$ cat final.cif   # mmCIF, C-alpha atoms
data_target
loop_
_atom_site.label_atom_id
_atom_site.label_comp_id
_atom_site.auth_asym_id
_atom_site.auth_seq_id
_atom_site.Cartn_x
_atom_site.Cartn_y
_atom_site.Cartn_z
CA LYS G 1 50.76 42.93 71.18
CA ARG G 2 48.00 40.47 72.06
CA LEU G 3 50.57 37.98 73.33
CA LEU G 4 51.97 40.62 75.67
CA GLU G 5 48.63 42.02 76.83
CA ASP G 6 46.45 38.89 76.99
CA GLY G 7 49.02 36.09 77.28
CA TYR G 8 47.82 34.57 74.00
CA ALA G 9 47.33 35.51 70.35
CA LEU G 10 45.43 33.90 67.47
CA VAL G 11 47.29 33.05 64.25
CA ASP G 12 45.19 32.56 61.12
CA GLU G 13 47.73 32.48 58.29
CA ILE G 14 51.21 33.56 57.28
CA GLN G 15 51.27 37.22 56.27
CA LEU G 16 54.96 37.80 55.59
CA LEU G 17 57.88 35.70 54.49
CA PRO G 18 60.91 35.29 56.74
CA GLU G 19 63.91 37.48 56.15
CA ALA G 20 67.19 36.04 54.87
CA GLU G 21 68.27 32.97 56.78
CA ASP G 22 70.68 33.54 59.65
CA THR G 23 73.29 30.92 58.81
CA THR G 24 74.92 31.36 62.21
CA SER G 25 71.75 30.25 64.03
CA PRO G 26 72.05 26.91 65.84
CA THR G 27 68.33 26.28 65.45
CA PHE G 28 68.25 24.79 61.96
CA ASP G 29 70.73 23.32 59.53
CA LYS G 30 71.27 25.30 56.33
CA MET G 31 69.86 22.41 54.28
CA MET G 32 66.40 23.34 55.59
CA LEU G 33 66.29 26.81 53.97
CA LEU G 34 63.00 27.89 52.44
CA PRO G 35 63.28 28.30 48.64
CA GLU G 36 64.00 31.87 47.59
CA GLU G 37 61.05 31.88 45.19
CA ASP G 38 58.59 31.22 48.01
CA THR G 39 55.75 33.67 48.40
CA ALA G 40 53.36 34.10 51.31
CA ALA G 41 50.67 32.29 49.29
CA ALA G 42 53.01 29.41 48.46
CA THR G 43 54.05 29.12 52.10
CA ASN G 44 50.43 29.00 53.24
CA ASN G 45 49.64 26.42 50.59
CA ARG G 46 52.53 24.25 51.73
CA LEU G 47 51.39 24.52 55.35
CA ASN G 48 47.90 23.45 54.28
CA VAL G 49 49.34 20.39 52.54
CA LEU G 50 51.45 19.53 55.59
CA THR G 51 48.47 20.04 57.91
CA ASP G 52 46.42 17.50 55.96
CA MET G 53 49.33 15.04 55.77
CA LEU G 54 49.92 15.23 59.52
CA LYS G 55 46.20 14.89 60.29
CA ARG G 56 45.95 11.75 58.16
CA GLY G 57 49.20 10.40 59.59
CA ILE G 58 48.11 10.82 63.21
CA THR G 59 44.70 9.31 62.46
CA LYS G 60 46.34 6.24 60.93
CA LEU G 61 48.74 5.92 63.86
CA CYS G 62 46.03 6.16 66.51
CA VAL G 63 43.05 4.48 64.84
CA ASP G 64 44.62 1.84 62.60
CA CYS G 65 47.89 1.10 64.38
CA LYS G 66 46.81 1.84 67.98
CA LEU G 67 49.98 3.88 68.52
CA PRO G 68 50.32 7.21 70.38
CA ALA G 69 50.02 10.36 68.28
CA ILE G 70 53.52 11.41 69.36
CA PHE G 71 54.95 8.81 66.93
CA ILE G 72 54.19 11.31 64.16
CA LEU G 73 57.42 13.06 65.20
CA LEU G 74 59.27 10.35 63.28
CA SER G 75 58.08 11.90 60.03
CA ASP G 76 60.00 14.57 58.13
CA GLU G 77 56.81 16.57 57.59
CA VAL G 78 56.63 17.50 61.29
CA TRP G 79 60.03 19.12 61.18
CA GLU G 80 59.40 20.86 57.87
CA TYR G 81 56.23 22.30 59.40
CA ALA G 82 58.14 23.36 62.52
CA HIS G 83 60.85 25.02 60.43
CA ILE G 84 58.34 27.12 58.48
CA ILE G 85 56.40 28.07 61.60
CA ASN G 86 59.57 29.05 63.44
CA LYS G 87 60.89 31.26 60.66
CA THR G 88 57.57 32.94 59.82
CA ILE G 89 55.74 33.19 63.15
CA LEU G 90 57.68 32.41 66.30
CA SER G 91 60.87 34.29 65.42
CA LYS G 92 58.81 37.32 64.36
CA SER G 93 56.38 37.43 67.26
CA THR G 94 58.40 36.69 70.39
CA HIS G 95 61.53 38.03 72.05
CA SER G 96 64.70 37.83 69.96
CA LYS G 97 66.42 35.68 72.60
CA ASN G 98 63.73 32.99 72.41
CA ILE G 99 64.73 30.06 70.20
CA PHE G 100 62.87 26.97 69.07
CA ASN G 101 63.76 24.12 71.46
CA PHE G 102 62.39 21.19 69.38
CA ASP G 103 59.86 20.37 72.12
CA ILE G 104 56.82 19.11 70.18
CA LEU G 105 53.78 17.14 71.35
CA ALA G 106 50.86 15.64 69.42
CA TRP G 107 47.36 14.50 70.40
CA TYR G 108 44.47 12.61 68.92
CA ILE G 109 41.28 13.43 70.85
CA ASP G 110 38.06 11.56 70.13
CA PRO G 111 35.22 13.04 72.25
CA THR G 112 32.90 10.19 71.20
CA GLN G 113 35.16 7.92 73.24
CA ASN G 114 35.04 10.26 76.26
CA GLU G 115 38.59 11.39 75.53
CA ALA G 116 39.85 14.81 76.58
CA GLY G 117 43.04 16.79 76.82
CA PHE G 118 44.77 18.10 79.93
CA SER G 119 42.92 19.67 82.84
CA PRO G 120 43.48 23.41 83.53
CA HIS G 121 47.17 24.11 84.04
CA ARG G 122 50.12 26.35 83.32
CA ASP G 123 52.88 24.91 81.16
CA ARG G 124 56.20 23.80 82.57
CA GLN G 125 57.51 26.53 84.85
CA PRO G 126 61.22 27.40 84.92
CA GLU G 127 63.24 27.17 88.10
CA GLY G 128 63.98 30.49 89.77
CA GLU G 129 67.38 32.12 89.70
CA GLU G 130 70.00 30.55 91.96
CA GLY G 131 68.89 30.98 95.56
CA ASP G 132 65.44 32.14 94.48
CA ASN G 133 62.45 29.78 94.64
CA ASN G 134 60.20 32.22 92.79
CA THR G 135 59.62 30.88 89.27
CA LEU G 136 58.64 34.37 88.11
CA SER G 137 62.24 35.53 88.51
CA ASN G 138 63.18 33.47 85.45
CA SER G 139 59.91 33.68 83.51
CA PHE G 140 60.28 37.01 81.74
CA HIS G 141 63.09 38.82 79.98
CA PRO G 142 64.62 41.60 82.09
CA ASN G 143 62.97 44.99 81.85
CA ASN G 144 66.25 46.65 80.88
CA ASP G 145 66.44 44.83 77.51
CA ASN G 146 66.90 47.19 74.59
CA TYR G 147 63.92 47.62 72.29
CA ASN G 148 65.01 46.34 68.88
CA ASN G 149 62.73 47.06 65.93
CA ASN G 150 64.82 44.87 63.64
CA LYS G 151 63.93 41.86 65.77
CA ASN G 152 60.27 42.87 66.05
CA GLU G 153 60.39 42.92 69.83
CA ILE G 154 57.05 44.19 71.10
CA ALA G 155 58.27 45.46 74.45
CA VAL G 156 60.52 44.62 77.35
CA GLY G 157 59.47 42.06 79.93
CA GLU G 158 58.25 39.51 77.37
CA SER G 159 57.82 35.85 78.28
CA LYS G 160 60.83 33.55 77.91
CA TYR G 161 58.61 30.62 76.98
CA VAL G 162 55.95 30.52 74.26
CA THR G 163 53.90 27.63 72.85
CA LEU G 164 52.24 27.45 69.44
CA TRP G 165 49.20 25.12 69.43
CA VAL G 166 48.16 24.10 65.91
CA ALA G 167 44.80 22.54 64.99
CA LEU G 168 45.30 19.79 62.41
CA SER G 169 41.52 19.36 62.12
CA ASP G 170 38.75 21.76 63.05
CA ALA G 171 38.84 22.29 66.83
CA THR G 172 35.54 23.46 68.28
CA PRO G 173 33.95 23.67 71.75
CA GLU G 174 32.15 20.43 70.83
CA ASN G 175 35.38 18.45 70.43
CA SER G 176 38.80 19.65 71.43
CA CYS G 177 39.46 23.39 71.21
CA LEU G 178 41.53 25.14 73.85
CA TYR G 179 40.08 27.23 76.68
CA VAL G 180 42.10 29.95 78.37
CA ILE G 181 41.90 32.56 81.11
CA PRO G 182 43.40 35.80 79.74
CA LYS G 183 46.27 37.40 81.60
CA GLN G 184 44.24 40.36 82.87
CA TYR G 185 41.81 38.05 84.71
CA ASP G 186 44.50 35.88 86.30
CA PRO G 187 46.09 37.41 89.43
CA GLY G 188 48.81 34.76 89.43
CA TYR G 189 49.97 35.37 85.86
CA SER G 190 52.31 38.25 86.68
CA ASN G 191 52.34 38.18 90.48
CA GLY G 192 52.98 34.49 91.02
CA ASP G 193 50.94 31.65 92.46
CA ILE G 194 50.34 31.02 96.14
CA ASP G 195 51.86 27.76 97.37
CA ASP G 196 48.69 26.62 99.09
CA GLY G 197 46.61 23.60 98.12
CA ASP G 198 43.43 25.43 99.13
CA ASP G 199 44.20 28.44 96.95
CA ASP G 200 45.17 27.00 93.56
CA PRO G 201 45.67 29.28 90.51
CA LEU G 202 42.35 28.36 88.90
CA ARG G 203 40.40 29.10 92.08
CA ARG G 204 42.10 32.50 92.39
CA ALA G 205 41.29 33.33 88.75
CA LEU G 206 37.65 32.26 89.14
CA PRO G 207 36.62 33.46 92.61
CA THR G 208 32.94 34.10 91.76
CA LYS G 209 30.22 32.74 89.50
CA GLU G 210 30.45 35.91 87.44
CA SER G 211 34.17 35.43 86.84
CA TYR G 212 33.49 32.30 84.76
CA GLN G 213 32.50 34.72 81.99
CA ASN G 214 36.22 35.51 81.66
CA ILE G 215 36.97 32.05 80.27
CA ARG G 216 37.65 32.19 76.54
CA ALA G 217 37.03 29.32 74.10
CA ILE G 218 39.56 29.30 71.25
CA PRO G 219 37.99 27.46 68.29
CA ARG G 220 40.41 27.02 65.40
CA ARG G 221 39.95 25.74 61.87
CA ALA G 222 42.39 23.18 60.52
CA GLY G 223 45.75 24.89 59.99
CA GLN G 224 45.01 27.80 62.32
CA SER G 225 46.82 28.12 65.62
CA VAL G 226 47.07 29.97 68.91
CA MET G 227 50.27 31.21 70.50
CA PHE G 228 50.46 31.54 74.29
CA THR G 229 52.97 31.96 77.09
CA HIS G 230 53.82 29.42 79.77
CA ARG G 231 52.04 31.56 82.39
CA LEU G 232 48.63 31.31 80.72
CA ILE G 233 46.12 28.97 82.39
CA HIS G 234 44.71 26.77 79.63
CA TRP G 235 43.08 23.42 79.02
#

$ encode --input "final.cif" --output "structure tokens"
Amino acid sequence: KRLLEDGYALVDEIQLLPEAEDTTSPTFDKMMLLPEEDTAAATNNRLNVLTDMLKRGITKLCVDCKLPAIFILLSDEVWEYAHIINKTILSKSTHSKNIFNFDILAWYIDPTQNEAGFSPHRDRQPEGEEGDNNTLSNSFHPNNDNYNNNKNEIAVGESKYVTLWVALSDATPENSCLYVIPKQYDPGYSNGDIDDGDDDPLRRALPTKESYQNIRAIPRRAGQSVMFTHRLIHW
């Protein structure tokens, strides 16, 4: 519900186990099934172990080896983590037609070295339907989709693209947490952006000094995450 209403939702821990594996799904090979004896507690414990392993791996890559954090994708632990997250969070919280596309990024941000993440932006926007330059025409699922309780679809018109941002170490306003502008305060979220260099999306969302109060900091402890759509302005 929060993802639909605000454009983002906080995820603290796994509450429910995934249902039986869909062996016809092209997303994951059957060899990556979660053990049947898994419980929610065991799944959370495994995610905590993986979080620590990935944090230490990225630190070693960036600090000791002077390599980009993205090299962590060469480790099996990344894909085990992604498999669990997909089956327990993404597939349960987004539209049933959305599938994991294996698009993963990784960062190591050290604020003591004046490092920072991206500037305010929307994620990659899809091309419009053929003959239509409006990216919004291909951003949301059609409003005539059937509501399907078995697939946990929240409502029609859900976003076709969703990102899950995971903190591998504590992310605070003092170091590297995300900031967002909620959907309801962003006129371009649902109505589209104006193709004018003098009227960029951030300027439209923050037209007055008072409107800066609408910015939300999203601090997350290690292992916690935030899910957001590609239309959400974030940095």

$ residues_around --input "final.cif" --residues "G:Tyr8" --least-positions-apart "2" --cutoff "6 Å" --atoms "all atoms listed in the file" --output "number ranges by chain"
G: 3, 6, 227-228

$ resolve_selection --input "final.cif" --expression "the PyMOL selection byres ((chain G and resi 114-122) around 7)" --output "PyMOL selection string"
chain G and resi 109-113+123-124+230-235

$ write_last_selection --input "final.cif" --atoms "C-alpha atoms" --output "JSON list (two decimals), keeping the file's coordinate frame"
[["chain", "number", "residue", "atom", "x", "y", "z"],
["G", 109, "ILE", "CA", 41.28, 13.43, 70.85],
["G", 110, "ASP", "CA", 38.06, 11.56, 70.13],
["G", 111, "PRO", "CA", 35.22, 13.04, 72.25],
["G", 112, "THR", "CA", 32.90, 10.19, 71.20],
["G", 113, "GLN", "CA", 35.16, 7.92, 73.24],
["G", 123, "ASP", "CA", 52.88, 24.91, 81.16],
["G", 124, "ARG", "CA", 56.20, 23.80, 82.57],
["G", 230, "HIS", "CA", 53.82, 29.42, 79.77],
["G", 231, "ARG", "CA", 52.04, 31.56, 82.39],
["G", 232, "LEU", "CA", 48.63, 31.31, 80.72],
["G", 233, "ILE", "CA", 46.12, 28.97, 82.39],
["G", 234, "HIS", "CA", 44.71, 26.77, 79.63],
["G", 235, "TRP", "CA", 43.08, 23.42, 79.02]]

$ resolve_selection --input "final.cif" --expression "the PyMOL selection byres ((chain G and resi 165) around 8)" --output "list in words"
Thr163, Leu164, Val166, Ala167, Ser225, Val226 and Met227 of chain G

$ residues_around --input "final.cif" --residues "G:Cys62" --least-positions-apart "3" --cutoff "10 Å" --atoms "only C-alpha atoms" --output "ChimeraX atom specification"
/G:57-59,65-72,107-109

$ closest_residue --input "final.cif" --among "G:Ser75, G:Asn48, G:Ser91, G:Gln213" --to "G:Val180" --atoms "all atoms listed in the file"
G:Gln213

$ resolve_selection --input "final.cif" --expression "the PyMOL selection byres ((chain G and resi 183-198) around 6)" --output "list in words"
Asp6, Gly7, Pro182, Asp199, Asp200, Ala205 and Arg231 of chain G

$ residues_near_point --input "final.cif" --point "(57.2, 21.3, 67.6)" --cutoff "8 Å" --atoms "all atoms listed in the file" --output "list in words"
Val78, Trp79, Ala82, Phe102, Asp103, Ile104 and Leu105 of chain G

$ atom_distance --input "final.cif" --atom1 "atom CA of G:Leu168" --atom2 "atom CA of G:Tyr81"
11.6 Å

$ atom_distance --input "final.cif" --atom1 "atom CA of G:Val11" --atom2 "atom CA of G:Lys97"
21.0 Å

$ atom_distance --input "final.cif" --atom1 "atom CA of G:Thr51" --atom2 "atom CA of G:Leu74"
15.5 Å

$ closest_residue --input "final.cif" --among "G:Leu178, G:Ala106, G:Leu47, G:Leu202" --to "G:Gly223" --atoms "only C-alpha atoms"
G:Leu47

$ closest_residue --input "final.cif" --among "G:Asn214, G:Thr172, G:Gln224, G:Ser159" --to "G:Thr94" --atoms "only C-alpha atoms"
G:Ser159

$ closest_residue --input "final.cif" --among "G:Glu80, G:Leu4, G:Arg204, G:Ser211" --to "G:Arg46" --atoms "all atoms listed in the file"
G:Glu80

$ closest_residue --input "final.cif" --among "G:His141, G:Arg221, G:Lys92, G:Lys1" --to "G:Ser176" --atoms "all atoms listed in the file"
G:Arg221

$ axis_aligned_box --input "final.cif" --around "stretch 47-52 of chain G" --padding-each-side "4 Å" --output "AutoDock Vina command-line options"
--center_x 48.9 --center_y 21.0 --center_z 55.2 --size_x 13.0 --size_y 15.0 --size_z 13.4
